[in-house]
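Here is the file query.txt (compact mmCIF, C-alpha atoms and all ligand atoms).
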```
# COMPACT_ATOMS: atom_id res chain seq x y z
CA MET O 506 -11.69 29.54 6.00
CA THR O 507 -10.94 25.86 5.36
CA ASP O 508 -8.81 24.29 8.06
CA TRP O 509 -5.88 22.66 6.24
CA SER O 510 -3.76 22.21 9.38
CA ARG O 511 -3.71 18.44 9.03
CA LEU O 512 -2.27 18.72 5.54
CA THR O 513 0.15 21.53 6.37
CA ASN O 514 1.50 19.36 9.19
CA ARG O 515 2.01 16.42 6.86
CA LEU O 516 3.75 18.64 4.32
CA ALA O 517 5.97 20.17 7.02
CA GLN O 518 6.91 16.70 8.20
CA ARG O 519 7.85 15.64 4.68
CA GLN O 520 9.90 18.80 4.26
CA GLN O 521 11.65 18.18 7.56
CA GLN O 522 12.57 14.66 6.46
CA GLN O 523 14.07 16.15 3.26
CA LEU O 524 11.64 14.00 1.29
CA MET O 525 9.65 16.70 -0.46
CA ARG O 526 9.17 15.80 -4.11
CA GLN O 527 9.43 18.35 -6.85
CA ARG O 528 8.40 18.39 -10.46
CA ASN O 529 10.72 19.46 -13.23
CA THR O 530 9.36 21.14 -16.32
CA LEU O 531 10.44 19.68 -19.62
CA GLU O 532 10.45 22.14 -22.49
CA THR O 533 11.37 19.71 -25.28
CA ALA O 534 10.44 16.23 -26.44
CA GLN O 535 11.89 13.28 -24.54
CA SER O 536 15.23 12.46 -26.12
CA ALA O 537 18.90 12.16 -25.21
CA LYS O 538 19.21 15.96 -25.07
CA ILE O 539 16.51 17.94 -23.35
CA ILE O 540 15.79 21.37 -21.97
CA CYS O 541 14.42 21.12 -18.48
CA ASN O 542 13.65 24.08 -16.23
CA GLY O 543 15.44 26.22 -18.81
CA GLU O 544 18.65 24.15 -18.67
CA LYS O 545 20.16 22.14 -21.51
CA LEU O 546 20.77 18.66 -20.12
CA LEU O 547 21.73 15.16 -21.13
CA ASN O 548 18.81 12.97 -20.18
CA PHE O 549 19.54 9.81 -18.20
CA CYS O 550 16.27 9.40 -16.35
CA SER O 551 13.48 8.80 -18.83
CA ASN O 552 11.85 5.44 -19.60
CA ASP O 553 12.02 6.06 -23.34
CA TYR O 554 14.35 3.07 -23.58
CA LEU O 555 14.26 2.67 -27.36
CA GLY O 556 14.12 6.34 -28.32
CA LEU O 557 10.62 6.08 -29.79
CA ALA O 558 8.79 8.82 -27.85
CA ASN O 559 9.78 11.35 -30.48
CA HIS O 560 10.20 9.13 -33.53
CA PRO O 561 8.97 10.83 -36.75
CA LYS O 562 6.91 7.79 -37.80
CA VAL O 563 5.21 7.62 -34.40
CA VAL O 564 4.52 11.35 -34.43
CA ALA O 565 3.18 11.16 -38.01
CA ALA O 566 0.87 8.27 -37.11
CA LEU O 567 -0.55 10.32 -34.25
CA GLN O 568 -1.03 13.38 -36.46
CA GLN O 569 -2.74 11.44 -39.25
CA ALA O 570 -5.05 9.66 -36.84
CA ALA O 571 -5.93 12.95 -35.13
CA GLU O 572 -6.88 14.39 -38.53
CA LYS O 573 -9.30 11.54 -39.09
CA TYR O 574 -10.50 10.66 -35.59
CA GLY O 575 -10.05 13.94 -33.74
CA VAL O 576 -8.44 14.15 -30.33
CA GLY O 577 -10.80 12.84 -27.69
CA SER O 578 -12.33 9.38 -27.85
CA GLY O 579 -15.47 10.94 -26.43
CA ALA O 580 -16.67 8.01 -24.32
CA SER O 581 -15.63 4.87 -22.50
CA HIS O 582 -14.93 1.70 -24.47
CA LEU O 583 -18.27 0.19 -23.50
CA VAL O 584 -20.32 3.22 -24.54
CA ASN O 585 -18.96 4.22 -27.96
CA GLY O 586 -15.34 5.28 -27.38
CA HIS O 587 -13.88 2.05 -28.81
CA SER O 588 -12.58 2.87 -32.30
CA THR O 589 -11.20 0.70 -35.09
CA LEU O 590 -7.72 1.95 -34.13
CA HIS O 591 -8.12 0.60 -30.57
CA HIS O 592 -9.31 -2.64 -32.06
CA GLN O 593 -6.37 -2.92 -34.46
CA LEU O 594 -3.91 -2.26 -31.67
CA GLU O 595 -5.50 -4.95 -29.49
CA GLU O 596 -5.23 -7.45 -32.31
CA ALA O 597 -1.62 -6.52 -33.01
CA LEU O 598 -0.75 -6.88 -29.31
CA ALA O 599 -2.43 -10.29 -29.06
CA GLU O 600 -0.34 -11.48 -31.99
CA PHE O 601 2.83 -9.84 -30.67
CA THR O 602 2.51 -11.51 -27.27
CA GLY O 603 1.21 -14.84 -28.64
CA ARG O 604 -2.03 -14.63 -26.67
CA GLN O 605 -5.66 -15.06 -27.68
CA ARG O 606 -6.65 -11.50 -26.94
CA ALA O 607 -5.41 -8.18 -25.59
CA LEU O 608 -7.26 -5.33 -23.93
CA LEU O 609 -6.25 -1.67 -23.74
CA PHE O 610 -6.23 0.40 -20.57
CA SER O 611 -5.65 4.14 -20.39
CA THR O 612 -2.64 3.75 -18.07
CA GLY O 613 -0.56 0.96 -16.57
CA TYR O 614 -1.65 2.05 -13.13
CA MET O 615 -5.27 1.48 -14.10
CA ALA O 616 -4.52 -1.84 -15.79
CA ASN O 617 -2.87 -3.19 -12.65
CA VAL O 618 -5.55 -1.97 -10.28
CA GLY O 619 -8.23 -3.15 -12.71
CA VAL O 620 -6.90 -6.66 -13.23
CA ILE O 621 -6.23 -7.52 -9.61
CA SER O 622 -9.45 -6.05 -8.27
CA ALA O 623 -11.50 -7.76 -10.98
CA LEU O 624 -9.97 -11.21 -10.58
CA VAL O 625 -9.89 -11.78 -6.84
CA GLU O 626 -12.16 -11.00 -3.93
CA LYS O 627 -12.69 -11.67 -0.23
CA GLY O 628 -11.64 -15.23 0.58
CA ASP O 629 -8.87 -15.23 -2.06
CA LEU O 630 -5.18 -14.51 -1.55
CA VAL O 631 -2.87 -12.13 -3.44
CA LEU O 632 0.86 -12.83 -3.13
CA GLN O 633 3.17 -10.07 -4.27
CA ASP O 634 6.89 -9.43 -4.45
CA LYS O 635 7.91 -6.86 -1.81
CA LEU O 636 9.31 -4.55 -4.50
CA ASN O 637 6.33 -4.66 -6.85
CA HIS O 638 5.17 -1.39 -8.37
CA ALA O 639 2.79 0.73 -6.28
CA SER O 640 -0.09 0.16 -8.72
CA LEU O 641 0.09 -3.61 -8.11
CA ILE O 642 0.14 -3.09 -4.38
CA ASP O 643 -2.84 -0.73 -4.61
CA GLY O 644 -4.75 -3.25 -6.74
CA GLY O 645 -4.13 -5.92 -4.13
CA LEU O 646 -5.31 -3.70 -1.30
CA LEU O 647 -8.41 -2.61 -3.20
CA SER O 648 -9.42 -6.15 -4.16
CA GLY O 649 -10.60 -7.10 -0.67
CA ALA O 650 -8.65 -10.37 -0.90
CA ARG O 651 -6.07 -11.30 1.72
CA PHE O 652 -2.80 -9.70 0.78
CA THR O 653 0.70 -10.87 1.54
CA ARG O 654 4.15 -9.90 0.30
CA TYR O 655 7.05 -12.28 -0.19
CA LEU O 656 10.74 -11.34 -0.04
CA HIS O 657 12.10 -9.80 -3.22
CA ASN O 658 12.71 -12.42 -5.95
CA ASP O 659 12.80 -15.06 -3.22
CA VAL O 660 11.17 -18.26 -4.45
CA ALA O 661 11.57 -19.95 -1.05
CA SER O 662 9.69 -17.10 0.64
CA LEU O 663 6.92 -17.34 -1.98
CA THR O 664 6.71 -21.13 -1.55
CA LYS O 665 6.32 -20.73 2.19
CA LYS O 666 3.52 -18.23 1.77
CA LEU O 667 1.73 -20.45 -0.76
CA GLN O 668 1.88 -23.35 1.67
CA GLN O 669 0.76 -21.27 4.64
CA HIS O 670 -2.42 -19.88 3.11
CA GLN O 671 -4.43 -22.23 1.00
CA ALA O 672 -7.87 -20.72 1.01
CA GLY O 673 -9.68 -19.56 -2.13
CA GLN O 674 -7.99 -18.61 -5.39
CA GLN O 675 -4.33 -17.63 -5.11
CA LEU O 676 -2.95 -14.91 -7.38
CA ILE O 677 0.82 -14.43 -7.62
CA VAL O 678 1.86 -11.02 -8.91
CA THR O 679 5.32 -9.87 -9.88
CA ASP O 680 7.02 -7.16 -11.92
CA GLY O 681 8.90 -8.67 -14.88
CA VAL O 682 11.69 -6.08 -14.60
CA PHE O 683 11.69 -4.22 -11.28
CA SER O 684 11.23 -0.53 -11.86
CA MET O 685 13.62 0.81 -9.23
CA ASP O 686 16.24 -1.98 -9.16
CA GLY O 687 16.28 -3.09 -12.81
CA ASP O 688 16.59 -6.78 -11.97
CA ILE O 689 14.40 -9.46 -13.56
CA ALA O 690 12.03 -11.75 -11.64
CA PRO O 691 12.85 -15.50 -11.61
CA LEU O 692 9.88 -16.11 -13.88
CA THR O 693 10.60 -19.75 -14.73
CA GLU O 694 10.65 -20.77 -11.07
CA ILE O 695 7.64 -18.63 -10.18
CA ALA O 696 5.63 -20.03 -13.12
CA ALA O 697 6.44 -23.60 -12.04
CA LEU O 698 5.35 -22.82 -8.47
CA ALA O 699 2.14 -21.24 -9.68
CA LYS O 700 1.30 -24.37 -11.65
CA GLN O 701 2.16 -26.62 -8.75
CA HIS O 702 -0.20 -24.69 -6.45
CA ASN O 703 -2.90 -24.08 -9.04
CA ALA O 704 -2.37 -20.35 -8.53
CA TRP O 705 -2.88 -17.68 -11.19
CA LEU O 706 0.23 -15.78 -12.23
CA MET O 707 0.28 -12.15 -13.31
CA VAL O 708 3.43 -10.46 -14.64
CA ASP O 709 3.64 -6.69 -15.03
CA ASP O 710 6.30 -6.29 -17.68
CA ALA O 711 6.15 -2.51 -17.99
CA HIS O 712 9.95 -2.25 -18.23
CA GLY O 713 10.59 -5.43 -20.21
CA ILE O 714 8.20 -4.97 -23.14
CA GLY O 715 10.11 -3.65 -26.14
CA CYS O 716 13.52 -4.20 -24.55
CA LEU O 717 13.73 -7.94 -23.84
CA GLY O 718 12.80 -11.08 -25.77
CA PRO O 719 13.70 -12.04 -29.35
CA ASN O 720 11.45 -9.36 -30.87
CA GLY O 721 10.84 -7.15 -27.84
CA GLU O 722 8.00 -9.31 -26.45
CA GLY O 723 9.46 -8.83 -22.97
CA ALA O 724 10.85 -10.71 -19.99
CA VAL O 725 8.33 -13.57 -20.29
CA ALA O 726 9.40 -14.39 -23.85
CA GLU O 727 13.05 -13.86 -22.90
CA ALA O 728 12.60 -16.62 -20.29
CA GLY O 729 11.05 -18.84 -22.99
CA LEU O 730 7.67 -18.86 -21.25
CA SER O 731 4.24 -18.80 -22.89
CA THR O 732 0.68 -17.96 -22.00
CA ASP O 733 0.36 -21.35 -20.36
CA ASP O 734 3.08 -20.34 -17.86
CA VAL O 735 2.12 -16.67 -17.49
CA PRO O 736 -1.62 -16.45 -18.12
CA ILE O 737 -1.92 -12.75 -17.17
CA LEU O 738 0.52 -10.40 -18.90
CA VAL O 739 0.48 -6.63 -18.46
CA GLY O 740 2.54 -4.24 -20.56
CA THR O 741 2.64 -0.47 -20.72
CA PHE O 742 3.17 1.93 -23.62
CA GLY O 743 4.71 4.85 -21.75
CA LYS O 744 8.16 3.30 -21.60
CA ALA O 745 9.92 1.48 -24.48
CA LEU O 746 6.96 2.04 -26.82
CA GLY O 747 7.23 5.77 -26.27
CA THR O 748 3.50 6.58 -26.13
CA ALA O 749 0.97 6.22 -23.27
CA GLY O 750 -1.45 3.60 -21.96
CA ALA O 751 -1.26 -0.12 -21.28
CA PHE O 752 -2.57 -3.55 -22.23
CA VAL O 753 -3.42 -6.86 -20.67
CA ALA O 754 -2.96 -9.98 -22.79
CA GLY O 755 -4.27 -13.48 -22.17
CA ASP O 756 -6.99 -16.01 -22.86
CA GLU O 757 -10.44 -15.11 -24.13
CA VAL O 758 -12.05 -15.78 -20.74
CA LEU O 759 -9.58 -13.50 -18.94
CA ILE O 760 -10.11 -10.59 -21.33
CA GLU O 761 -13.89 -10.99 -21.38
CA SER O 762 -13.89 -11.01 -17.56
CA LEU O 763 -11.90 -7.78 -17.51
CA ILE O 764 -14.31 -6.13 -19.95
CA GLN O 765 -17.19 -7.12 -17.69
CA PHE O 766 -15.66 -6.61 -14.24
CA ALA O 767 -12.60 -4.31 -14.28
CA ARG O 768 -13.87 -0.97 -13.04
CA PRO O 769 -10.84 1.09 -14.24
CA TYR O 770 -11.62 -0.30 -17.71
CA ILE O 771 -15.34 0.28 -17.64
CA TYR O 772 -15.66 3.65 -15.95
CA THR O 773 -13.15 5.74 -17.81
CA THR O 774 -12.79 7.46 -21.16
CA ALA O 775 -11.00 5.35 -23.77
CA MET O 776 -7.50 6.56 -24.63
CA PRO O 777 -7.45 8.91 -27.63
CA PRO O 778 -7.55 6.81 -30.82
CA ALA O 779 -4.54 8.76 -32.12
CA ILE O 780 -2.51 7.34 -29.21
CA ALA O 781 -3.54 3.86 -30.34
CA ALA O 782 -2.37 4.72 -33.87
CA ALA O 783 0.95 6.04 -32.55
CA THR O 784 1.37 2.86 -30.47
CA LEU O 785 0.68 0.70 -33.53
CA ALA O 786 3.46 2.58 -35.33
CA SER O 787 5.91 2.18 -32.44
CA LEU O 788 5.01 -1.50 -32.04
CA LYS O 789 6.01 -1.98 -35.68
CA LEU O 790 9.34 -0.25 -35.01
CA VAL O 791 9.90 -2.44 -31.93
CA GLN O 792 9.44 -5.53 -34.09
CA THR O 793 11.38 -4.42 -37.17
CA GLU O 794 14.25 -2.35 -35.74
CA SER O 795 16.07 -4.84 -33.56
CA TRP O 796 19.15 -2.59 -33.74
CA ARG O 797 17.49 -0.44 -31.05
CA ARG O 798 17.65 -3.30 -28.54
CA GLU O 799 21.23 -4.01 -29.59
CA LYS O 800 22.24 -0.36 -29.17
CA LEU O 801 20.54 -0.27 -25.78
CA GLN O 802 22.50 -3.37 -24.71
CA GLN O 803 25.74 -1.79 -25.92
CA ASN O 804 25.02 1.34 -23.89
CA ILE O 805 24.20 -0.75 -20.82
CA SER O 806 27.49 -2.70 -21.13
CA GLN O 807 29.48 0.47 -21.73
CA PHE O 808 27.94 2.10 -18.68
CA ARG O 809 28.41 -0.90 -16.43
CA SER O 810 32.05 -1.47 -17.29
CA GLY O 811 32.83 2.27 -17.02
CA ALA O 812 31.02 2.59 -13.69
CA SER O 813 32.75 -0.41 -12.17
CA GLN O 814 36.12 0.99 -13.28
CA LEU O 815 35.20 4.11 -11.32
CA GLY O 816 34.51 1.90 -8.31
CA LEU O 817 30.80 2.69 -8.29
CA GLN O 818 28.57 0.12 -6.63
CA LEU O 819 26.11 -1.15 -9.23
CA MET O 820 23.11 -3.39 -8.70
CA GLU O 821 22.65 -6.80 -10.34
CA SER O 822 20.82 -5.38 -13.30
CA THR O 823 21.26 -6.27 -16.95
CA THR O 824 18.46 -3.95 -18.07
CA ALA O 825 18.19 -0.28 -18.98
CA ILE O 826 17.60 0.57 -15.32
CA GLN O 827 21.01 0.96 -13.64
CA PRO O 828 20.57 2.39 -10.15
CA ILE O 829 23.37 3.54 -7.90
CA VAL O 830 22.22 3.17 -4.33
CA VAL O 831 23.45 6.05 -2.18
CA GLY O 832 21.50 5.22 0.98
CA ASP O 833 20.81 8.60 2.53
CA ALA O 834 18.03 10.58 0.83
CA GLU O 835 19.74 13.96 1.20
CA ALA O 836 22.99 12.59 -0.21
CA ALA O 837 21.19 11.16 -3.24
CA LEU O 838 19.57 14.54 -3.83
CA LYS O 839 22.92 16.33 -3.56
CA LEU O 840 24.54 13.97 -6.05
CA SER O 841 21.66 14.48 -8.45
CA GLN O 842 22.10 18.26 -8.14
CA GLN O 843 25.82 17.98 -8.74
CA LEU O 844 25.20 15.95 -11.87
CA LYS O 845 22.76 18.58 -13.05
CA SER O 846 25.33 21.31 -12.54
CA GLN O 847 27.48 19.36 -15.01
CA GLY O 848 24.69 19.12 -17.55
CA VAL O 849 23.41 15.62 -16.74
CA MET O 850 19.93 14.86 -15.51
CA VAL O 851 19.48 11.84 -13.24
CA THR O 852 16.71 12.01 -10.68
CA ALA O 853 17.21 10.94 -7.08
CA ILE O 854 14.64 8.35 -6.03
CA ARG O 855 13.88 8.53 -2.34
CA PRO O 856 11.53 6.90 0.18
CA PRO O 857 8.64 6.18 0.13
CA THR O 858 9.17 5.21 -3.54
CA VAL O 859 12.07 2.99 -2.40
CA PRO O 860 12.65 1.49 1.07
CA ALA O 861 14.17 3.77 3.74
CA GLY O 862 17.96 3.86 3.60
CA THR O 863 18.09 2.90 -0.09
CA ALA O 864 17.76 6.30 -1.78
CA ARG O 865 19.40 6.12 -5.17
CA LEU O 866 20.27 7.68 -8.46
CA ARG O 867 18.05 5.86 -10.94
CA ILE O 868 20.09 5.99 -14.11
CA THR O 869 18.28 4.83 -17.21
CA LEU O 870 19.90 4.16 -20.54
CA SER O 871 18.31 4.41 -23.95
CA ALA O 872 19.06 3.37 -27.50
CA SER O 873 19.01 7.09 -28.26
CA HIS O 874 22.22 7.72 -26.27
CA SER O 875 25.49 7.84 -28.18
CA GLU O 876 28.71 6.27 -26.94
CA GLN O 877 30.06 9.75 -26.31
CA GLN O 878 27.00 10.69 -24.22
CA VAL O 879 27.41 7.59 -22.04
CA ASN O 880 31.06 8.59 -21.55
CA GLN O 881 29.91 12.05 -20.56
CA LEU O 882 27.61 10.50 -17.97
CA LEU O 883 30.51 8.49 -16.55
CA GLU O 884 32.79 11.54 -16.39
CA SER O 885 30.09 13.55 -14.68
CA LEU O 886 29.48 10.78 -12.17
CA GLU O 887 33.18 10.70 -11.37
CA GLN O 888 33.23 14.47 -10.87
CA ALA O 889 30.02 14.49 -8.84
CA CYS O 890 31.29 11.77 -6.51
CA LYS O 891 34.60 13.64 -5.99
CA GLN O 892 32.81 16.90 -5.25
CA PHE O 893 30.40 15.13 -2.97
CA LYS O 894 33.18 13.48 -0.98
CA ALA O 895 35.01 16.80 -0.68
CA THR O 896 31.95 18.69 0.57
CA SER O 897 30.93 15.85 2.91
CA SER O 898 34.35 15.80 4.54
CA GLN O 899 34.21 19.58 4.95
CA LEU O 900 30.92 19.12 6.73
CA ASN O 901 32.30 16.44 9.05
N1 LIG O 1001 4.04 -0.94 -13.63
C1 LIG O 1001 5.32 -0.61 -13.47
C2 LIG O 1001 6.31 -1.67 -13.12
C3 LIG O 1001 5.73 0.73 -13.61
O1 LIG O 1001 7.00 1.08 -13.43
C4 LIG O 1001 4.75 1.70 -13.93
C5 LIG O 1001 5.08 3.16 -14.16
N2 LIG O 1001 6.18 3.67 -13.63
C6 LIG O 1001 3.43 1.31 -14.08
C7 LIG O 1001 3.10 -0.02 -13.92
C8 LIG O 1001 2.36 2.30 -14.36
O2 LIG O 1001 2.27 2.54 -15.73
P1 LIG O 1001 1.67 3.92 -16.26
O3 LIG O 1001 2.76 4.92 -16.14
O4 LIG O 1001 1.27 3.64 -17.66
O5 LIG O 1001 0.51 4.25 -15.38
```

Output the structure of this file as structure tokens.
Amino acid sequence: MTDWSRLTNRLAQRQQQQLMRQRNTLETAQSAKIICNGEKLLNFCSNDYLGLANHPKVVAALQQAAEKYGVGSGASHLVNGHSTLHHQLEEALAEFTGRQRALLFSTGYMANVGVISALVEKGDLVLQDKLNHASLIDGGLLSGARFTRYLHNDVASLTKKLQQHQAGQQLIVTDGVFSMDGDIAPLTEIAALAKQHNAWLMVDDAHGIGCLGPNGEGAVAEAGLSTDDVPILVGTFGKALGTAGAFVAGDEVLIESLIQFARPYIYTTAMPPAIAAATLASLKLVQTESWRREKLQQNISQFRSGASQLGLQLMESTTAIQPIVVGDAEAALKLSQQLKSQGVMVTAIRPPTVPAGTARLRITLSASHSEQQVNQLLESLEQACKQFKATSSQLN
């Protein structure tokens, strides 16, 4: 018999801390209305910010490409898994982001780990925002370079760190839009600092691509910055673009270096070509249907003004990510369950995904929500908070 006691102890500890994570089973496509674990729910927790995950044109593009190219790519990009569809998508992304080239990765997690570990090594320094996504942190740790974290969105803290450590190549890494807080990095200031210190700057704009910028090019374009300011740009497809995978965009030498040195690019099967075709279709919709960004903004404003009228404490976020910090992990879970009992799905995000004491309801809005659905969310939040207060005082 295998001795699993070490793992059973860890699991028991997690259970005891009320931090056990559970998966929900979705029985429909991602959209405003879903069926999850057999329950009909309004969906306020997906990253399908523009409502493209189930768009008929995106689905049709995938189906047509699957007819022609099959399902599996059959090999890694460097063997013979790189199809014309991958190539077309890379060219479209380079044009979209105004960069010389773009390179596809199978997931955003792999792109982030791949870029950081390929670009820096022992003797270099990686400087990351404290609230950066786990994949960026993991890339930094794996790279073998010295690794330091500066205070969240704090340019003074970053400056201090840049001055303290001056050895080797410095790489500054930040989320564009922070995944759990929804706020935007001070990209203009960070880009200026990077230039001043001759450091490389990498922005992971997983949550900005599609939603921000004049044509959905993301937080970097929204700030009026170019490839000269942000030489390493990462975007993902699993959020506003509604598909799966990721890209890195930048200069020729950057992309060629990633092809040669990024292990999560080299040693993995290329994404299915049909996913590239679907992403090409959704990229077109991102560029041509600006009403989706406008509708998303309307929903964000409606939610924020309604929530503040209810006296709910919102974060300083202007994006689709509108968290309500509850603090205690168990309380966040209870609120999430109460919302579910009223037909609204909002997941509770707890440590270690967010810092201890900052468990939250991570509410996400989408262009696919109607005004009436956002009102329903607000009413349910009001009810859930009332119920929660009543049961908490009974407990006290
Ligand atoms: N970066 C950020 C900021 C993210 O939020 C995520 C996913 N939640 C990723 C990268 C990883 O992307 P993917 O899901 O494509 O692996």

With 8 Å as the cut-off and all atoms listed in the file counted, what is the closest atom pair between each nearby residue of chain O and ligand LIG 1001 (chain O)? Distances in Å to one decimal, ordered by chain and number, as JSON lines.
```
{"residue": "O:Ser611", "atom": "CA", "partner": "O:LIG1001", "partner_atom": "O4", "distance": 7.5}
{"residue": "O:Thr612", "atom": "CA", "partner": "O:LIG1001", "partner_atom": "O4", "distance": 3.9}
{"residue": "O:Gly613", "atom": "CA", "partner": "O:LIG1001", "partner_atom": "O2", "distance": 3.3}
{"residue": "O:Tyr614", "atom": "CA", "partner": "O:LIG1001", "partner_atom": "O5", "distance": 3.8}
{"residue": "O:Met615", "atom": "CA", "partner": "O:LIG1001", "partner_atom": "O5", "distance": 6.5}
{"residue": "O:Ala616", "atom": "CA", "partner": "O:LIG1001", "partner_atom": "O5", "distance": 7.9}
{"residue": "O:Asn617", "atom": "CA", "partner": "O:LIG1001", "partner_atom": "C7", "distance": 6.9}
{"residue": "O:Asn637", "atom": "CA", "partner": "O:LIG1001", "partner_atom": "C2", "distance": 6.9}
{"residue": "O:His638", "atom": "CA", "partner": "O:LIG1001", "partner_atom": "C2", "distance": 4.9}
{"residue": "O:Ala639", "atom": "CA", "partner": "O:LIG1001", "partner_atom": "N1", "distance": 7.6}
{"residue": "O:Ser640", "atom": "CA", "partner": "O:LIG1001", "partner_atom": "C7", "distance": 6.1}
{"residue": "O:Leu641", "atom": "CA", "partner": "O:LIG1001", "partner_atom": "N1", "distance": 7.3}
{"residue": "O:Asp680", "atom": "CA", "partner": "O:LIG1001", "partner_atom": "C2", "distance": 5.7}
{"residue": "O:Gly681", "atom": "CA", "partner": "O:LIG1001", "partner_atom": "C2", "distance": 7.7}
{"residue": "O:Val682", "atom": "CA", "partner": "O:LIG1001", "partner_atom": "C2", "distance": 7.1}
{"residue": "O:Phe683", "atom": "CA", "partner": "O:LIG1001", "partner_atom": "C2", "distance": 6.2}
{"residue": "O:Ser684", "atom": "CA", "partner": "O:LIG1001", "partner_atom": "O1", "distance": 4.8}
{"residue": "O:Met685", "atom": "CA", "partner": "O:LIG1001", "partner_atom": "O1", "distance": 7.8}
{"residue": "O:Asp709", "atom": "CA", "partner": "O:LIG1001", "partner_atom": "N1", "distance": 5.9}
{"residue": "O:Asp710", "atom": "CA", "partner": "O:LIG1001", "partner_atom": "C2", "distance": 6.5}
{"residue": "O:Ala711", "atom": "CA", "partner": "O:LIG1001", "partner_atom": "C2", "distance": 4.9}
{"residue": "O:His712", "atom": "CA", "partner": "O:LIG1001", "partner_atom": "C2", "distance": 6.3}
{"residue": "O:Gly740", "atom": "CA", "partner": "O:LIG1001", "partner_atom": "N1", "distance": 7.8}
{"residue": "O:Thr741", "atom": "CA", "partner": "O:LIG1001", "partner_atom": "O4", "distance": 5.3}
{"residue": "O:Phe742", "atom": "CA", "partner": "O:LIG1001", "partner_atom": "O4", "distance": 6.5}
{"residue": "O:Gly743", "atom": "CA", "partner": "O:LIG1001", "partner_atom": "O4", "distance": 5.5}
{"residue": "O:Lys744", "atom": "CA", "partner": "O:LIG1001", "partner_atom": "O3", "distance": 7.8}
{"residue": "O:Ala749", "atom": "CA", "partner": "O:LIG1001", "partner_atom": "O4", "distance": 6.2}
{"residue": "O:Gly750", "atom": "CA", "partner": "O:LIG1001", "partner_atom": "O4", "distance": 5.1}
{"residue": "O:Ala751", "atom": "CA", "partner": "O:LIG1001", "partner_atom": "O4", "distance": 5.8}
```

Okay, now the selection with C-alpha atoms, as a CSV table (one decimal), in the frame of the given file?
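The resulting file, out-v5.csv, is reproduced below:
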```csv
chain,number,residue,atom,x,y,z
O,611,SER,CA,-5.6,4.1,-20.4
O,612,THR,CA,-2.6,3.8,-18.1
O,613,GLY,CA,-0.6,1.0,-16.6
O,614,TYR,CA,-1.6,2.0,-13.1
O,615,MET,CA,-5.3,1.5,-14.1
O,616,ALA,CA,-4.5,-1.8,-15.8
O,617,ASN,CA,-2.9,-3.2,-12.6
O,637,ASN,CA,6.3,-4.7,-6.8
O,638,HIS,CA,5.2,-1.4,-8.4
O,639,ALA,CA,2.8,0.7,-6.3
O,640,SER,CA,-0.1,0.2,-8.7
O,641,LEU,CA,0.1,-3.6,-8.1
O,680,ASP,CA,7.0,-7.2,-11.9
O,681,GLY,CA,8.9,-8.7,-14.9
O,682,VAL,CA,11.7,-6.1,-14.6
O,683,PHE,CA,11.7,-4.2,-11.3
O,684,SER,CA,11.2,-0.5,-11.9
O,685,MET,CA,13.6,0.8,-9.2
O,709,ASP,CA,3.6,-6.7,-15.0
O,710,ASP,CA,6.3,-6.3,-17.7
O,711,ALA,CA,6.2,-2.5,-18.0
O,712,HIS,CA,10.0,-2.2,-18.2
O,740,GLY,CA,2.5,-4.2,-20.6
O,741,THR,CA,2.6,-0.5,-20.7
O,742,PHE,CA,3.2,1.9,-23.6
O,743,GLY,CA,4.7,4.8,-21.8
O,744,LYS,CA,8.2,3.3,-21.6
O,749,ALA,CA,1.0,6.2,-23.3
O,750,GLY,CA,-1.4,3.6,-22.0
O,751,ALA,CA,-1.3,-0.1,-21.3
```

Within 12 Å of Leu788 of chain O, counting all atoms listed in the file, which residues qualify if same-chain residues fewer than 3 places away don't, as a ChimeraX atom specification?
/O:555,557-558,560,562-563,566,593-602,714-716,720-722,741-742,744-748,780-785,791-795

With all atoms listed in the file as the counted atoms, please give the residues lying no more than 8 Å from Thr732 of chain O, apart from itself and same-chain residues fewer than 5 positions off, as a ChimeraX atom specification.
/O:603-604,737,755-756

How about saving the chosen residues, C-alpha atoms kept, as an mmCIF file, keeping the file's coordinate frame?
```cif
data_model
loop_
_atom_site.group_PDB
_atom_site.id
_atom_site.type_symbol
_atom_site.label_atom_id
_atom_site.label_comp_id
_atom_site.auth_asym_id
_atom_site.auth_seq_id
_atom_site.Cartn_x
_atom_site.Cartn_y
_atom_site.Cartn_z
ATOM 1 C CA GLY O 603 1.210 -14.840 -28.640
ATOM 2 C CA ARG O 604 -2.030 -14.630 -26.670
ATOM 3 C CA ILE O 737 -1.920 -12.750 -17.170
ATOM 4 C CA GLY O 755 -4.270 -13.480 -22.170
ATOM 5 C CA ASP O 756 -6.990 -16.010 -22.860
#
```

Distance in Å - atom CA of Gly628 of chain O versus atom CA of Ile642 of chain O:
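Going from atom CA of Gly628 of chain O over to atom CA of Ile642 of chain O covers 17.6 Å.
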
For Ala623 of chain O, which of O:Ser762, O:Thr679, O:Thr869, O:Gln518 is the closest residue, counting all atoms listed in the file?
O:Ser762
